[in-house]
file input_36.cif (mmCIF, C-alpha atoms)
data_upload
loop_
_atom_site.label_atom_id
_atom_site.label_comp_id
_atom_site.auth_asym_id
_atom_site.auth_seq_id
_atom_site.Cartn_x
_atom_site.Cartn_y
_atom_site.Cartn_z
CA MET K 1 213.41 115.08 86.87
CA GLY K 2 211.79 115.67 83.48
CA LYS K 3 210.28 112.16 83.47
CA ILE K 4 209.08 112.49 87.07
CA ALA K 5 207.45 115.85 86.35
CA ALA K 6 205.69 114.46 83.29
CA TYR K 7 204.49 111.47 85.31
CA MET K 8 203.16 113.73 88.08
CA ILE K 9 201.33 115.97 85.58
CA ALA K 10 199.72 112.94 83.92
CA THR K 11 198.62 111.58 87.31
CA ILE K 12 197.09 114.92 88.32
CA MET K 13 195.21 115.12 85.00
CA LEU K 14 193.75 111.65 85.53
CA ILE K 15 192.60 112.58 89.04
CA ILE K 16 190.93 115.77 87.73
CA ILE K 17 189.13 113.85 84.98
CA GLY K 18 187.92 111.28 87.51
CA ILE K 19 186.59 113.95 89.86
CA THR K 20 184.79 115.64 86.97
CA ILE K 21 183.11 112.40 85.91
CA ILE K 22 182.06 111.61 89.48
CA GLY K 23 180.76 115.16 89.91
CA LYS K 24 178.63 114.91 86.78
CA GLY K 25 177.26 111.60 87.95
CA ASN K 26 176.31 113.11 91.30
CA GLN K 27 174.64 116.03 89.59
CA GLN K 28 172.52 113.62 87.57
CA ASN K 29 171.58 111.69 90.65
CA ASP K 30 170.65 114.92 92.46
CA GLY K 31 168.33 115.92 89.61
CA PHE K 32 166.71 112.59 88.85
CA VAL K 33 167.10 110.14 91.70
CA ILE K 34 166.06 106.60 90.82
CA ALA K 35 162.46 106.45 91.98
CA LYS K 36 161.61 104.23 94.89
CA SER K 37 157.89 104.68 94.28
CA SER K 38 155.57 105.50 91.41
CA GLU K 39 154.98 108.99 92.87
CA MET K 40 158.70 109.75 92.84
CA ALA K 41 158.88 108.50 89.27
CA LYS K 42 156.06 110.84 88.29
CA LYS K 43 157.78 113.80 89.91
CA SER K 44 161.01 112.98 88.09
CA LEU K 45 159.12 112.79 84.80
CA GLU K 46 157.46 116.13 85.50
CA GLN K 47 160.83 117.75 86.07
CA LYS K 48 161.79 116.74 82.55
CA GLN K 49 158.41 117.75 81.13
CA ALA K 50 158.13 121.23 82.61
CA PRO K 51 161.56 122.34 83.84
CA GLU K 52 160.55 125.98 83.87
CA LEU K 53 158.17 125.45 86.80
CA ASN K 54 160.53 123.15 88.67
CA ASP K 55 163.80 125.05 88.39
CA LYS K 56 164.68 128.29 90.14
CA SER K 57 164.19 130.61 87.18
CA ASP K 58 162.16 133.69 87.94
CA ASN K 59 159.04 134.50 85.96
CA ALA K 60 160.84 137.08 83.83
CA ALA K 61 163.39 134.50 82.69
CA ILE K 62 160.62 132.10 81.67
CA ILE K 63 158.70 134.80 79.83
CA ALA K 64 161.86 135.92 78.01
CA ASN K 65 162.01 132.51 76.34
CA MET K 66 158.34 132.50 75.29
CA SER K 67 157.05 133.59 71.91
CA LEU K 68 154.21 136.12 71.69
CA ASP K 69 151.87 133.38 70.45
CA GLU K 70 152.76 131.21 73.44
CA LYS K 71 152.16 134.06 75.88
CA ILE K 72 148.77 134.90 74.40
CA GLY K 73 147.86 131.21 74.50
CA GLN K 74 148.52 131.22 78.24
CA MET K 75 145.92 133.95 78.64
CA MET K 76 143.16 131.72 77.29
CA ILE K 77 140.81 129.41 79.19
CA ALA K 78 139.05 127.43 76.50
CA GLY K 79 136.06 125.14 76.44
CA VAL K 80 136.31 121.91 74.47
CA SER K 81 133.73 119.80 72.66
CA GLY K 82 132.94 116.14 73.26
CA THR K 83 134.03 113.60 75.83
CA SER K 84 137.44 112.85 74.32
CA LEU K 85 140.05 114.85 72.46
CA ASN K 86 139.34 115.58 68.81
CA GLY K 87 141.44 117.48 66.29
CA ASP K 88 140.24 120.93 67.36
CA ASN K 89 140.82 120.18 71.03
CA LEU K 90 144.32 118.91 70.26
CA ASN K 91 145.06 122.11 68.35
CA LEU K 92 144.11 124.20 71.37
CA ILE K 93 146.69 122.33 73.43
CA SER K 94 149.50 121.61 70.97
CA LYS K 95 149.32 124.50 68.49
CA TYR K 96 147.82 127.36 70.49
CA LYS K 97 149.14 126.26 73.91
CA VAL K 98 146.15 127.55 75.87
CA GLY K 99 146.69 128.27 79.55
CA GLY K 100 143.61 126.44 80.80
CA ILE K 101 140.59 124.35 79.90
CA ILE K 102 137.08 124.45 81.36
CA LEU K 103 134.87 121.37 81.26
CA TYR K 104 131.09 121.22 81.50
CA ALA K 105 128.55 118.51 82.25
CA ASN K 106 128.36 117.56 78.56
CA ASN K 107 132.08 116.74 78.63
CA LEU K 108 131.72 114.50 81.68
CA GLU K 109 129.85 111.23 81.22
CA SER K 110 131.23 109.11 84.06
CA PRO K 111 134.01 109.20 86.65
CA ASN K 112 136.33 106.93 84.64
CA GLN K 113 135.70 108.78 81.38
CA THR K 114 136.39 112.11 83.12
CA ILE K 115 139.69 110.88 84.54
CA ASP K 116 140.65 109.45 81.14
CA LEU K 117 139.85 112.77 79.44
CA LEU K 118 141.84 114.82 81.95
CA ASN K 119 144.76 112.40 81.75
CA GLU K 120 144.67 112.58 77.96
CA ILE K 121 144.68 116.39 78.10
CA LYS K 122 147.67 116.36 80.47
CA THR K 123 149.54 113.85 78.31
CA LYS K 124 149.08 115.99 75.20
CA ASN K 125 150.29 119.02 77.15
CA VAL K 126 153.54 117.35 78.27
CA ARG K 127 155.69 118.98 75.59
CA ASN K 128 154.43 122.47 76.38
CA ARG K 129 156.39 124.81 78.59
CA LEU K 130 153.65 125.26 81.21
CA PRO K 131 151.02 122.93 82.71
CA LEU K 132 147.29 123.59 82.23
CA LEU K 133 144.69 125.01 84.57
CA LEU K 134 141.86 122.46 84.49
CA GLY K 135 138.65 123.87 85.86
CA VAL K 136 134.97 123.16 86.36
CA ASP K 137 131.96 124.85 87.97
CA GLN K 138 131.56 122.78 91.12
CA GLU K 139 129.67 125.08 93.48
CA GLY K 140 127.44 122.58 95.27
CA GLY K 141 123.64 122.60 95.02
CA GLU K 142 122.29 122.70 91.47
CA VAL K 143 125.59 123.83 89.94
CA SER K 144 127.50 120.56 90.34
CA ARG K 145 129.18 119.30 87.17
CA LEU K 146 131.07 116.22 88.34
CA PRO K 147 129.57 112.91 87.15
CA GLY K 148 128.72 109.70 88.99
CA ASP K 149 126.82 108.97 92.15
CA LEU K 150 128.59 111.59 94.22
CA ILE K 151 126.83 112.94 97.29
CA ASN K 152 125.53 116.34 96.22
CA LEU K 153 126.91 119.00 98.50
CA PRO K 154 124.45 121.66 99.71
CA SER K 155 123.82 124.97 97.99
CA ASN K 156 125.28 128.21 99.27
CA LYS K 157 121.79 129.28 100.31
CA HIS K 158 121.59 126.25 102.63
CA ILE K 159 125.05 127.04 104.01
CA GLY K 160 123.95 130.65 104.59
CA GLU K 161 120.90 129.48 106.51
CA GLN K 162 123.16 127.46 108.83
CA GLY K 163 125.33 130.51 109.46
CA ASN K 164 128.27 128.38 110.57
CA GLY K 165 131.76 129.27 109.34
CA GLY K 166 133.18 125.87 110.24
CA TYR K 167 130.45 124.14 108.24
CA SER K 168 131.16 126.42 105.27
CA TYR K 169 134.88 125.61 105.46
CA THR K 170 134.08 121.88 105.54
CA ILE K 171 131.90 122.19 102.43
CA GLY K 172 134.73 124.02 100.68
CA SER K 173 137.23 121.32 101.59
CA MET K 174 134.82 118.64 100.35
CA LEU K 175 134.51 120.48 97.03
CA GLY K 176 138.30 120.53 96.89
CA LYS K 177 138.54 116.80 97.64
CA GLN K 178 136.05 116.05 94.86
CA LEU K 179 138.04 117.99 92.29
CA THR K 180 141.35 116.54 93.43
CA ALA K 181 139.97 113.00 93.14
CA PHE K 182 139.03 113.59 89.50
CA GLY K 183 142.27 115.37 88.57
CA PHE K 184 141.08 118.99 88.33
CA ASN K 185 143.10 121.81 89.83
CA LEU K 186 140.70 124.79 89.69
CA ASP K 187 137.15 125.39 90.91
CA PHE K 188 135.05 128.28 89.59
CA ALA K 189 133.66 128.84 93.09
CA PRO K 190 132.50 130.25 95.43
CA VAL K 191 129.84 132.72 94.34
CA LEU K 192 130.24 135.92 96.39
CA ASP K 193 127.23 137.74 94.97
CA VAL K 194 124.86 139.26 97.53
CA ASN K 195 121.39 138.12 96.46
CA SER K 196 119.70 141.47 97.05
CA ASN K 197 117.20 141.20 94.18
CA PRO K 198 114.58 138.46 94.70
CA ASP K 199 113.79 138.57 90.97
CA ASN K 200 117.37 137.70 90.03
CA PRO K 201 117.12 134.87 87.46
CA VAL K 202 120.70 133.61 87.58
CA ILE K 203 122.03 133.76 91.17
CA GLY K 204 119.27 132.63 93.54
CA ASP K 205 120.38 129.82 95.84
CA ARG K 206 123.92 130.05 94.48
CA SER K 207 124.33 132.99 96.88
CA PHE K 208 124.92 132.67 100.63
CA GLY K 209 122.15 135.24 101.16
CA ASN K 210 121.16 138.88 101.02
CA ASN K 211 123.36 140.04 103.89
CA PRO K 212 126.87 141.10 102.80
CA GLU K 213 128.33 140.20 106.21
CA ILE K 214 127.05 136.62 105.96
CA VAL K 215 128.12 136.32 102.32
CA SER K 216 131.59 137.59 103.24
CA ASP K 217 132.12 135.37 106.27
CA LEU K 218 130.82 132.16 104.76
CA GLY K 219 132.19 132.79 101.27
CA ILE K 220 135.68 133.32 102.63
CA GLN K 221 135.47 130.06 104.61
CA THR K 222 134.32 128.11 101.54
CA MET K 223 137.16 129.67 99.53
CA LYS K 224 139.70 128.71 102.19
CA GLY K 225 138.30 125.19 102.35
CA ILE K 226 138.75 124.77 98.59
CA GLN K 227 142.29 126.15 98.80
CA SER K 228 143.16 123.83 101.69
CA GLU K 229 142.94 120.88 99.27
CA GLY K 230 145.40 122.46 96.84
CA ILE K 231 142.64 123.57 94.47
CA ILE K 232 142.57 127.11 93.06
CA SER K 233 139.41 128.96 94.06
CA VAL K 234 137.89 131.52 91.67
CA ILE K 235 135.66 134.04 93.45
CA LYS K 236 132.85 135.38 91.28
CA HIS K 237 131.06 137.42 89.85
CA PHE K 238 132.85 140.76 90.52
CA PRO K 239 131.64 143.46 91.12
CA GLY K 240 128.40 141.65 92.05
CA HIS K 241 125.66 139.94 90.06
CA GLY K 242 123.11 139.84 92.88
CA ASP K 243 121.02 142.88 91.94
CA THR K 244 120.50 142.06 88.28
CA SER K 245 117.10 141.31 86.78
CA VAL K 246 118.34 139.56 83.62
CA ASP K 247 120.68 136.64 82.99
CA SER K 248 123.96 137.67 81.33
CA HIS K 249 123.93 134.37 79.43
CA LEU K 250 120.96 135.83 77.54
CA GLU K 251 121.38 139.62 77.58
CA LEU K 252 123.47 142.39 79.09
CA PRO K 253 122.35 143.20 82.66
CA ARG K 254 122.23 146.84 83.73
CA VAL K 255 122.69 147.97 87.34
CA ASN K 256 122.12 151.67 88.02
CA LYS K 257 124.25 151.96 91.15
CA SER K 258 126.97 154.40 92.03
CA LEU K 259 130.38 153.35 93.30
CA LYS K 260 129.36 154.47 96.79
CA GLU K 261 126.30 152.20 96.65
CA LEU K 262 128.41 149.25 95.47
CA HIS K 263 130.82 149.78 98.38
CA ARG K 264 127.87 149.54 100.80
CA LEU K 265 126.75 146.13 99.51
CA GLU K 266 128.06 144.27 96.45
CA LEU K 267 131.77 144.96 96.85
CA ILE K 268 132.05 144.01 100.53
CA PRO K 269 132.49 140.22 100.07
CA PHE K 270 135.03 140.66 97.26
CA GLU K 271 137.16 143.18 99.14
CA ARG K 272 137.24 140.97 102.23
CA ALA K 273 137.99 137.81 100.26
CA ILE K 274 140.93 139.59 98.62
CA GLN K 275 142.17 140.62 102.06
CA ASN K 276 141.92 136.94 103.06
CA GLY K 277 143.98 135.45 100.25
CA ALA K 278 141.83 135.21 97.12
CA ASP K 279 143.99 134.14 94.16
CA VAL K 280 141.63 134.60 91.21
CA VAL K 281 138.69 136.95 90.59
CA MET K 282 136.16 136.42 87.80
CA VAL K 283 134.58 139.59 86.42
CA ALA K 284 130.95 139.59 85.30
CA HIS K 285 129.38 141.08 82.17
CA ILE K 286 127.30 143.82 83.81
CA LEU K 287 126.81 147.39 82.61
CA LEU K 288 127.13 149.93 85.43
CA PRO K 289 126.40 153.21 83.59
CA LYS K 290 127.01 155.44 86.64
CA ILE K 291 130.61 154.14 86.69
CA ASP K 292 131.24 153.28 83.04
CA PRO K 293 128.49 154.01 80.51
CA GLU K 294 130.50 152.53 77.62
CA PHE K 295 131.80 149.13 78.71
CA PRO K 296 130.40 146.31 80.86
CA SER K 297 132.44 145.49 83.97
CA SER K 298 134.42 142.72 82.24
CA MET K 299 135.73 145.27 79.72
CA SER K 300 135.91 148.34 81.96
CA PRO K 301 139.24 149.82 83.09
CA LYS K 302 137.32 151.92 85.62
CA ILE K 303 136.05 148.78 87.32
CA ILE K 304 139.00 146.38 86.92
CA ASP K 305 142.03 148.67 87.12
CA GLY K 306 140.19 151.37 89.06
CA ILE K 307 138.46 149.29 91.75
CA LEU K 308 139.96 145.81 91.73
CA ARG K 309 143.61 146.64 91.13
CA ASN K 310 143.93 150.11 92.65
CA GLN K 311 141.32 150.39 95.41
CA PHE K 312 141.50 146.73 96.54
CA ALA K 313 145.21 146.27 95.68
CA PHE K 314 144.48 142.90 94.10
CA SER K 315 147.65 141.48 92.54
CA GLY K 316 146.34 138.04 91.58
CA VAL K 317 144.82 136.73 88.36
CA VAL K 318 141.74 138.46 86.93
CA MET K 319 139.64 136.61 84.38
CA THR K 320 136.49 137.37 82.43
CA ASP K 321 133.29 135.42 82.64
CA ASP K 322 132.54 133.45 79.47
CA MET K 323 132.91 135.72 76.46
CA THR K 324 130.42 133.66 74.44
CA MET K 325 127.52 134.83 76.63
CA LYS K 326 124.98 136.91 74.75
CA ALA K 327 125.73 139.86 77.03
CA ILE K 328 128.92 140.12 74.96
CA THR K 329 128.17 138.53 71.59
CA ASP K 330 124.91 140.46 71.06
CA ASN K 331 126.61 143.77 71.73
CA PHE K 332 130.27 143.48 70.75
CA ASP K 333 132.63 141.73 68.38
CA ILE K 334 134.10 138.94 70.50
CA GLY K 335 137.67 139.57 69.33
CA GLN K 336 137.60 143.28 70.06
CA ALA K 337 135.79 142.62 73.34
CA ALA K 338 138.70 140.40 74.37
CA VAL K 339 141.19 143.13 73.46
CA GLU K 340 139.25 145.67 75.53
CA SER K 341 139.11 143.18 78.40
CA VAL K 342 142.90 142.87 78.46
CA LYS K 343 143.31 146.65 78.17
CA ALA K 344 140.98 146.95 81.17
CA GLY K 345 143.15 144.66 83.31
CA ASN K 346 142.07 141.06 82.70
CA ASP K 347 144.79 138.42 82.66
CA MET K 348 142.77 135.51 81.28
CA ILE K 349 139.92 135.39 78.78
CA LEU K 350 137.35 132.65 79.24
CA VAL K 351 135.92 131.39 75.93
CA ALA K 352 133.85 128.43 76.99
CA HIS K 353 132.11 127.50 73.74
CA GLY K 354 133.19 127.22 70.11
CA TYR K 355 136.66 126.38 68.83
CA HIS K 356 136.52 129.18 66.26
CA ASN K 357 135.61 131.69 68.98
CA VAL K 358 138.82 130.78 70.82
CA ILE K 359 140.90 131.21 67.66
CA THR K 360 139.18 134.53 66.87
CA VAL K 361 140.10 135.86 70.31
CA ILE K 362 143.70 134.65 70.08
CA LYS K 363 144.14 136.27 66.65
CA ALA K 364 142.54 139.52 67.85
CA LEU K 365 144.99 139.74 70.76
CA GLU K 366 147.95 139.00 68.49
CA ASP K 367 146.81 141.65 66.00
CA ALA K 368 146.33 144.16 68.82
CA VAL K 369 149.98 143.71 69.85
CA HIS K 370 151.22 143.96 66.28
CA ASN K 371 149.26 147.16 65.59
CA GLY K 372 150.23 148.76 68.90
CA GLU K 373 146.82 148.66 70.57
CA LEU K 374 148.32 146.38 73.23
CA THR K 375 151.97 146.30 74.23
CA GLU K 376 153.89 143.08 74.73
CA GLU K 377 154.85 144.41 78.17
CA ARG K 378 151.14 144.43 79.08
CA ILE K 379 150.88 140.80 77.91
CA ASN K 380 153.95 139.92 79.99
CA GLU K 381 152.30 141.32 83.14
CA SER K 382 149.41 138.91 82.77
CA VAL K 383 151.58 135.93 81.89
CA SER K 384 153.73 136.60 84.97
CA ARG K 385 150.65 136.46 87.20
CA ILE K 386 149.50 133.24 85.52
CA ILE K 387 152.90 131.59 86.01
CA HIS K 388 152.97 132.71 89.65
CA LEU K 389 149.53 131.12 90.21
CA LYS K 390 150.58 127.84 88.58
CA ARG K 391 153.75 127.73 90.63
CA LYS K 392 151.97 128.58 93.88
CA TYR K 393 149.62 125.61 93.48
CA ASP K 394 152.26 123.29 92.04
CA ILE K 395 150.18 122.72 88.90
CA SER K 396 151.61 119.87 86.85
CA ASN K 397 150.85 117.17 84.29
CA ARG K 398 150.44 114.55 87.04
CA GLN K 399 148.15 111.72 86.01
CA THR K 400 145.20 110.56 88.14
CA GLU K 401 145.23 106.80 88.51
CA SER K 402 141.65 106.02 89.55
CA ILE K 403 138.74 107.16 91.68
CA ASN K 404 136.77 105.39 94.37
CA ILE K 405 133.37 107.10 94.50
CA ARG K 406 132.21 105.01 97.45
CA GLN K 407 135.25 105.96 99.50
CA LEU K 408 134.91 109.62 98.50
CA ASN K 409 131.26 109.62 99.54
CA LYS K 410 132.18 108.03 102.85
CA ILE K 411 134.68 110.82 103.53
CA MET K 412 132.00 113.41 102.80
CA GLU K 413 129.37 111.65 104.93
CA THR K 414 131.78 111.53 107.85
CA ALA K 415 132.72 115.19 107.49
CA LEU K 416 129.13 116.38 107.15
#

call {"tool": "encode", "arguments": {"input": "input_36.cif", "output": "structure tokens"}}
result
Amino acid sequence: MGKIAAYMIATIMLIIIGITIIGKGNQQNDGFVIAKSSEMAKKSLEQKQAPELNDKSDNAAIIANMSLDEKIGQMMIAGVSGTSLNGDNLNLISKYKVGGIILYANNLESPNQTIDLLNEIKTKNVRNRLPLLLGVDQEGGEVSRLPGDLINLPSNKHIGEQGNGGYSYTIGSMLGKQLTAFGFNLDFAPVLDVNSNPDNPVIGDRSFGNNPEIVSDLGIQTMKGIQSEGIISVIKHFPGHGDTSVDSHLELPRVNKSLKELHRLELIPFERAIQNGADVVMVAHILLPKIDPEFPSSMSPKIIDGILRNQFAFSGVVMTDDMTMKAITDNFDIGQAAVESVKAGNDMILVAHGYHNVITVIKALEDAVHNGELTEERINESVSRIIHLKRKYDISNRQTESINIRQLNKIMETAL
């Protein structure tokens, strides 16, 4: 009986070992099935590259594994120089792990070069924990950054004159298709400013008009059209840049309106867009002395936390307009301005020009946490919103293979 018992125990052990091996093999196959197409292969690669966005971890678990430097990097949207990656640009991605990159016309020479640049950026970001937001100002009309012989989509003013919500939605979806074709995932559009001041030097035909009802209805449809293509829409420029008489790129605009007056005009489109699923709000650099005599809107807790977060119950991502505009740099230290912006409720700081400006802002935020001016819990709140946004839109390091401008134009001609 002793020999039989030993034999039975050995047999059972072998069976258990076999089951364990088979089980492990099945687990591997479940995680990374052999790809039957290039798209499946890409998805499998992405699972290895950014497991935190593909597994079932909650945001808190991801954040718990991030360093302070990494979290602050995620709060940055940085501009880059040139038409390919240089040493400074690589540092922004690899060393500082910025959360997003904005490109301008001077970065975009041709369709193929643009795709190559975006693919290169994504490739360099592969080892980072989180994928990048890749954005551009593609509003239609004069503010159209994408290169090549693309059909130029109409301005918001033209859309407003048509007064057709379906047409506005179609334009939004065409903007989304354009960005998707190039490999972007975020559009700094639409403009929801009510163009109430005919002398406004910066909004003009970028607005749907001077009627807040029209701006609301058509702006929301353009936003939804952009979102329908899997592109993040950024509504701007909260709380409203339509009644300014100076350009915030050049100086700090001043609007002498009370909160009650803003609610009757400027705030209407933003509140309604938030009620209709806006994901990201960009805050303008405008001084509203009757609400906050000290800080412009982009740095004002009374405007961001007070109106946007509390009154409008907005729980999405809030970002500043470009902090290198003279409205900021002529009146504030850019580093301290960024700290005040985060204290006021911003989640992301846009620094569109100058590598050293980006680094200055990152260091200022780090120092503010170390000296107690900002808490790490406050940083975590913003990073959680950023991760949620990236997960919602399935942002990844997916490469864009090529673009067919003729085919894209044909789609737009048919739709329009």

call {"tool": "closest_residue", "arguments": {"input": "input_36.cif", "among": "K:Met174, K:Ala313, K:Leu192, K:Leu350", "to": "Ala273 in chain K", "atoms": "only C-alpha atoms"}}
result
K:Leu192

call {"tool": "residues_around", "arguments": {"input": "input_36.cif", "residues": "range 158-164 of chain K", "least_positions_apart": "6", "cutoff": "9 Å", "atoms": "all atoms listed in the file", "output": "PDB file with C-alpha atoms, keeping the file's coordinate frame"}}
result
ATOM      1  CA  GLY K 141     123.640 122.600  95.020  1.00  0.00           C
ATOM      2  CA  ILE K 171     131.900 122.190 102.430  1.00  0.00           C
ATOM      3  CA  ASP K 205     120.380 129.820  95.840  1.00  0.00           C
ATOM      4  CA  SER K 207     124.330 132.990  96.880  1.00  0.00           C
ATOM      5  CA  PHE K 208     124.920 132.670 100.630  1.00  0.00           C
ATOM      6  CA  GLY K 209     122.150 135.240 101.160  1.00  0.00           C
ATOM      7  CA  ILE K 214     127.050 136.620 105.960  1.00  0.00           C
ATOM      8  CA  VAL K 215     128.120 136.320 102.320  1.00  0.00           C
ATOM      9  CA  ASP K 217     132.120 135.370 106.270  1.00  0.00           C
ATOM     10  CA  LEU K 218     130.820 132.160 104.760  1.00  0.00           C
TER      11      LEU K 218
END

call {"tool": "resolve_selection", "arguments": {"input": "input_36.cif", "expression": "the PyMOL selection byres ((chain K and resi 394) around 10)", "output": "number ranges by chain"}}
result
K: 53-54, 131, 185, 230-231, 388-393, 395-397

call {"tool": "residues_around", "arguments": {"input": "input_36.cif", "residues": "Arg272 in chain K", "least_positions_apart": "6", "cutoff": "10 Å", "atoms": "all atoms listed in the file", "output": "list in words"}}
result
Glu213, Ser216, Asp217, Gly219, Ile220, Ala278 and Phe312 of chain K

call {"tool": "closest_residue", "arguments": {"input": "input_36.cif", "among": "K:His249, K:Asn211, K:Ile303, K:Lys95", "to": "Ala352 in chain K", "atoms": "all atoms listed in the file"}}
result
K:His249

call {"tool": "residues_around", "arguments": {"input": "input_36.cif", "residues": "Ser297 in chain K", "least_positions_apart": "4", "cutoff": "7 Å", "atoms": "all atoms listed in the file", "output": "ChimeraX atom specification"}}
result
/K:283-287,303

call {"tool": "closest_residue", "arguments": {"input": "input_36.cif", "among": "K:Ile77, K:Ala61, K:Val126, K:Met66", "to": "Arg398 in chain K", "atoms": "only C-alpha atoms"}}
result
K:Val126

call {"tool": "residues_around", "arguments": {"input": "input_36.cif", "residues": "range 149-152 of chain K", "least_positions_apart": "6", "cutoff": "9 Å", "atoms": "all atoms listed in the file", "output": "list in words"}}
result
Gly140, Gly141, Glu142, Gln178, Ile405, Arg406, Leu408, Asn409, Met412 and Glu413 of chain K

call {"tool": "resolve_selection", "arguments": {"input": "input_36.cif", "expression": "the PyMOL selection byres ((chain K and resi 108) around 9)", "output": "PyMOL selection string"}}
result
chain K and resi 82-83+103-107+109-111+113-114+117+145-147

call {"tool": "residues_around", "arguments": {"input": "input_36.cif", "residues": "Val361 in chain K", "least_positions_apart": "3", "cutoff": "9 Å", "atoms": "all atoms listed in the file", "output": "list in words"}}
result
Met76, Ile334, Gly335, Gln336, Ala337, Ala338, Val339, Ile349, Val351, His356, Asn357, Val358, Ala364, Leu365 and Glu366 of chain K

call {"tool": "resolve_selection", "arguments": {"input": "input_36.cif", "expression": "the PyMOL selection byres ((chain K and resi 311) around 12)", "output": "ChimeraX atom specification"}}
result
/K:259,263,267,270-271,274-275,302-310,312-315

call {"tool": "decode", "arguments": {"input": "input_36.cif", "residues": "range 176-187 of chain K", "atoms": "N, CA, C and O atoms", "output": "PDB file, in the first residue's frame"}}
result
ATOM      1  N   GLY K 176     -13.206  66.607 -37.180  1.00  0.00           N
ATOM      2  CA  GLY K 176     -12.745  65.399 -36.498  1.00  0.00           C
ATOM      3  C   GLY K 176     -12.091  64.414 -37.445  1.00  0.00           C
ATOM      4  O   GLY K 176     -11.054  63.819 -37.123  1.00  0.00           O
ATOM      5  N   LYS K 177     -12.675  64.239 -38.621  1.00  0.00           N
ATOM      6  CA  LYS K 177     -12.091  63.321 -39.618  1.00  0.00           C
ATOM      7  C   LYS K 177     -10.718  63.803 -40.061  1.00  0.00           C
ATOM      8  O   LYS K 177      -9.792  63.009 -40.255  1.00  0.00           O
ATOM      9  N   GLN K 178     -10.575  65.125 -40.248  1.00  0.00           N
ATOM     10  CA  GLN K 178      -9.274  65.671 -40.643  1.00  0.00           C
ATOM     11  C   GLN K 178      -8.216  65.341 -39.595  1.00  0.00           C
ATOM     12  O   GLN K 178      -7.124  64.873 -39.925  1.00  0.00           O
ATOM     13  N   LEU K 179      -8.530  65.590 -38.342  1.00  0.00           N
ATOM     14  CA  LEU K 179      -7.545  65.359 -37.286  1.00  0.00           C
ATOM     15  C   LEU K 179      -7.220  63.875 -37.136  1.00  0.00           C
ATOM     16  O   LEU K 179      -6.056  63.511 -36.943  1.00  0.00           O
ATOM     17  N   THR K 180      -8.239  63.041 -37.226  1.00  0.00           N
ATOM     18  CA  THR K 180      -8.014  61.600 -37.135  1.00  0.00           C
ATOM     19  C   THR K 180      -7.092  61.122 -38.250  1.00  0.00           C
ATOM     20  O   THR K 180      -6.189  60.303 -38.024  1.00  0.00           O
ATOM     21  N   ALA K 181      -7.306  61.627 -39.455  1.00  0.00           N
ATOM     22  CA  ALA K 181      -6.498  61.207 -40.611  1.00  0.00           C
ATOM     23  C   ALA K 181      -5.028  61.522 -40.421  1.00  0.00           C
ATOM     24  O   ALA K 181      -4.154  60.787 -40.897  1.00  0.00           O
ATOM     25  N   PHE K 182      -4.725  62.622 -39.712  1.00  0.00           N
ATOM     26  CA  PHE K 182      -3.335  63.011 -39.497  1.00  0.00           C
ATOM     27  C   PHE K 182      -2.729  62.353 -38.263  1.00  0.00           C
ATOM     28  O   PHE K 182      -1.513  62.324 -38.121  1.00  0.00           O
ATOM     29  N   GLY K 183      -3.558  61.864 -37.358  1.00  0.00           N
ATOM     30  CA  GLY K 183      -3.044  61.228 -36.146  1.00  0.00           C
ATOM     31  C   GLY K 183      -3.165  62.055 -34.889  1.00  0.00           C
ATOM     32  O   GLY K 183      -2.618  61.688 -33.845  1.00  0.00           O
ATOM     33  N   PHE K 184      -3.889  63.191 -34.952  1.00  0.00           N
ATOM     34  CA  PHE K 184      -4.154  63.983 -33.748  1.00  0.00           C
ATOM     35  C   PHE K 184      -5.280  63.341 -32.959  1.00  0.00           C
ATOM     36  O   PHE K 184      -6.045  62.521 -33.477  1.00  0.00           O
ATOM     37  N   ASN K 185      -5.419  63.745 -31.690  1.00  0.00           N
ATOM     38  CA  ASN K 185      -6.533  63.250 -30.894  1.00  0.00           C
ATOM     39  C   ASN K 185      -7.285  64.348 -30.150  1.00  0.00           C
ATOM     40  O   ASN K 185      -8.221  64.068 -29.396  1.00  0.00           O
ATOM     41  N   LEU K 186      -6.887  65.621 -30.360  1.00  0.00           N
ATOM     42  CA  LEU K 186      -7.526  66.733 -29.656  1.00  0.00           C
ATOM     43  C   LEU K 186      -7.593  67.954 -30.563  1.00  0.00           C
ATOM     44  O   LEU K 186      -6.625  68.276 -31.253  1.00  0.00           O
ATOM     45  N   ASP K 187      -8.754  68.618 -30.545  1.00  0.00           N
ATOM     46  CA  ASP K 187      -8.943  69.836 -31.329  1.00  0.00           C
ATOM     47  C   ASP K 187      -9.281  70.983 -30.380  1.00  0.00           C
ATOM     48  O   ASP K 187     -10.227  70.890 -29.589  1.00  0.00           O
TER      49      ASP K 187
END
